[in-house]
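Structure file protein_21.json; described as JSON, C-alpha atoms.
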[["chain", "number", "residue", "atom", "x", "y", "z"],
["F", 9, "MET", "CA", 36.73, 70.04, 92.98],
["F", 10, "ARG", "CA", 39.34, 70.38, 95.73],
["F", 11, "SER", "CA", 40.27, 73.91, 94.56],
["F", 12, "LEU", "CA", 36.59, 74.89, 94.61],
["F", 13, "ILE", "CA", 36.29, 73.76, 98.24],
["F", 14, "SER", "CA", 39.51, 75.62, 99.14],
["F", 15, "ALA", "CA", 38.24, 78.79, 97.46],
["F", 16, "ALA", "CA", 34.94, 78.55, 99.35],
["F", 17, "ALA", "CA", 36.77, 78.10, 102.66],
["F", 18, "LEU", "CA", 38.92, 81.16, 101.91],
["F", 19, "ILE", "CA", 35.87, 83.29, 101.11],
["F", 20, "LEU", "CA", 34.10, 82.20, 104.30],
["F", 21, "SER", "CA", 37.12, 82.87, 106.49],
["F", 22, "ALA", "CA", 37.64, 86.32, 104.93],
["F", 23, "GLY", "CA", 34.12, 87.31, 105.96],
["F", 24, "GLY", "CA", 34.68, 86.31, 109.58],
["F", 25, "ALA", "CA", 34.38, 88.35, 112.75],
["F", 26, "LEU", "CA", 35.26, 92.01, 112.77],
["F", 27, "ALA", "CA", 38.77, 92.79, 113.97],
["F", 28, "GLU", "CA", 37.80, 95.58, 116.37],
["F", 29, "GLU", "CA", 34.06, 95.09, 116.87],
["F", 30, "ALA", "CA", 32.26, 97.95, 118.57],
["F", 31, "THR", "CA", 28.65, 98.92, 119.10],
["F", 32, "MET", "CA", 26.95, 102.26, 119.26],
["F", 33, "LYS", "CA", 23.48, 103.66, 119.64],
["F", 34, "LEU", "CA", 22.65, 106.37, 117.14],
["F", 35, "ASP", "CA", 19.76, 108.75, 117.78],
["F", 36, "VAL", "CA", 18.17, 109.91, 114.51],
["F", 37, "THR", "CA", 15.65, 112.72, 114.05],
["F", 38, "GLY", "CA", 13.41, 113.67, 111.15],
["F", 39, "LEU", "CA", 11.83, 110.23, 110.68],
["F", 40, "THR", "CA", 8.40, 111.45, 109.64],
["F", 41, "CYS", "CA", 7.25, 108.40, 107.66],
["F", 42, "PRO", "CA", 8.12, 104.70, 107.17],
["F", 43, "SER", "CA", 10.26, 105.43, 104.12],
["F", 44, "CYS", "CA", 12.46, 107.76, 106.21],
["F", 45, "SER", "CA", 13.75, 104.88, 108.33],
["F", 46, "TYR", "CA", 14.33, 102.89, 105.13],
["F", 47, "ILE", "CA", 16.41, 105.74, 103.67],
["F", 48, "VAL", "CA", 18.47, 106.00, 106.87],
["F", 49, "ALA", "CA", 18.98, 102.22, 107.03],
["F", 50, "THR", "CA", 20.14, 102.19, 103.41],
["F", 51, "ALA", "CA", 22.64, 104.98, 104.12],
["F", 52, "LEU", "CA", 23.95, 103.14, 107.19],
["F", 53, "LYS", "CA", 24.39, 99.89, 105.28],
["F", 54, "ARG", "CA", 26.55, 101.69, 102.73],
["F", 55, "VAL", "CA", 29.16, 102.50, 105.38],
["F", 56, "ASP", "CA", 31.94, 99.92, 105.42],
["F", 57, "THR", "CA", 31.54, 97.29, 108.19],
["F", 58, "VAL", "CA", 28.32, 98.78, 109.65],
["F", 59, "GLY", "CA", 25.51, 96.40, 110.52],
["F", 60, "ILE", "CA", 22.15, 97.34, 112.01],
["F", 61, "VAL", "CA", 21.40, 95.21, 115.06],
["F", 62, "ALA", "CA", 18.09, 96.86, 116.02],
["F", 63, "PHE", "CA", 15.92, 99.92, 115.48],
["F", 64, "THR", "CA", 13.65, 101.39, 118.14],
["F", 65, "GLU", "CA", 11.02, 103.96, 117.21],
["F", 66, "GLY", "CA", 10.86, 107.04, 119.37],
["F", 67, "THR", "CA", 7.79, 108.93, 120.51],
["F", 68, "SER", "CA", 7.75, 111.54, 117.76],
["F", 69, "ASP", "CA", 9.79, 111.75, 114.58],
["F", 70, "ASP", "CA", 12.87, 110.08, 116.03],
["F", 71, "GLY", "CA", 14.37, 106.65, 116.59],
["F", 72, "THR", "CA", 17.47, 104.89, 117.81],
["F", 73, "TYR", "CA", 19.61, 102.49, 115.81],
["F", 74, "LEU", "CA", 21.82, 99.97, 117.57],
["F", 75, "LEU", "CA", 24.80, 99.45, 115.27],
["F", 76, "ARG", "CA", 27.74, 97.06, 115.15],
["F", 77, "TYR", "CA", 30.88, 98.06, 113.25],
["F", 78, "ASP", "CA", 34.62, 97.56, 113.02],
["F", 79, "ASP", "CA", 36.12, 100.60, 114.74],
["F", 80, "ALA", "CA", 39.49, 99.92, 113.11],
["F", 81, "ALA", "CA", 37.86, 100.58, 109.72],
["F", 82, "THR", "CA", 34.99, 102.97, 110.50],
["F", 83, "ASP", "CA", 34.49, 105.71, 113.06],
["F", 84, "PRO", "CA", 31.30, 107.17, 114.58],
["F", 85, "ASP", "CA", 31.75, 110.47, 112.71],
["F", 86, "GLU", "CA", 31.65, 108.62, 109.39],
["F", 87, "ILE", "CA", 28.45, 106.85, 110.46],
["F", 88, "ILE", "CA", 26.83, 110.12, 111.58],
["F", 89, "SER", "CA", 27.87, 111.79, 108.30],
["F", 90, "ALA", "CA", 26.15, 109.03, 106.32],
["F", 91, "VAL", "CA", 22.85, 109.85, 108.03],
["F", 92, "THR", "CA", 23.16, 113.63, 107.93],
["F", 93, "GLY", "CA", 24.21, 113.32, 104.29],
["F", 94, "VAL", "CA", 20.76, 112.03, 103.39],
["F", 95, "GLY", "CA", 19.00, 114.81, 105.28],
["F", 96, "TYR", "CA", 18.36, 113.51, 108.81],
["F", 97, "GLY", "CA", 19.69, 114.56, 112.19],
["F", 98, "ALA", "CA", 22.01, 112.11, 113.93],
["F", 99, "ALA", "CA", 23.98, 112.02, 117.18],
["F", 100, "LEU", "CA", 25.53, 109.43, 119.43],
["F", 101, "SER", "CA", 23.04, 108.33, 122.05],
["F", 102, "PRO", "CA", 24.04, 109.05, 125.64],
["F", 103, "GLU", "CA", 23.51, 105.29, 126.17],
["F", 104, "THR", "CA", 26.20, 104.28, 123.64],
["F", 105, "GLY", "CA", 28.51, 101.51, 124.78],
["F", 106, "SER", "CA", 31.37, 99.71, 123.10]]

Written as structure tokens, how would this file's structure read?
Amino acid sequence: MRSLISAAALILSAGGALAEEATMKLDVTGLTCPSCSYIVATALKRVDTVGIVAFTEGTSDDGTYLLRYDDAATDPDEIISAVTGVGYGAALSPETGS
């Protein structure tokens, strides 16, 4: 029983806060239907350490994702490539902060 509790504590501590947490806003184009944003979100979630904080729909076929990631493990170019790799346009938002 004690080893089970120790193992659980180790697993929980390993999934702790990101070492170099950063945020970015990613502008995405080509979102013509509800399944488009699902496809983009799925691609983003496949990038190591990336978490989607929020999504804001734009006025046309675009939207902005607010992302949190570990910049020691992942860089913005990798995140952008994940989105362009599934057929959508992506660029850092001019409002990106870290």

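Using only C-alpha atoms, the nearest neighbour of F:Ala99 within the list F:Asp78, F:Cys44, F:Thr50, F:Gly71 is F:Gly71.
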
Q) Skipping near chain neighbours, those fewer than 2 positions away, what residues fall within 10 Å of F:Ser45 using only C-alpha atoms, listed as a ChimeraX atom specification? A) /F:36-43,47-51,63,65,70-71,73,96

Q: Write out as a PyMOL selection string the residues lying within 8 Å of F:Leu74, counting all atoms listed in the file and excluding same-chain residues fewer than 4 positions away.
A: chain F and resi 31-34+60-63

Q | Proximity to F:Asp69 - best of F:Arg54, F:Ala30, F:Ala90, F:Asp35, all atoms listed in the file | A | F:Asp35

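Computed from the coordinates, the atom CA of F:Ala98 to atom CA of F:Leu52 distance equals 11.4 Å.
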
Q. In Å to one decimal, how far is atom CA of F:Glu29 from atom CA of F:Arg76?
A.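 Value for the atom CA of F:Arg76-atom CA of F:Glu29 distance: 6.8 Å.
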
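Straight-line separation from atom CA of F:Gly59 to atom CA of F:Glu103: 18.1 Å.
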
Q.
From (29.4, 104.2, 107.7), in the file's coordinates, out to 9 Å: which residues are reached, counting only C-alpha atoms? Answer as a ChimeraX atom specification.
A. /F:51-58,77,82-91
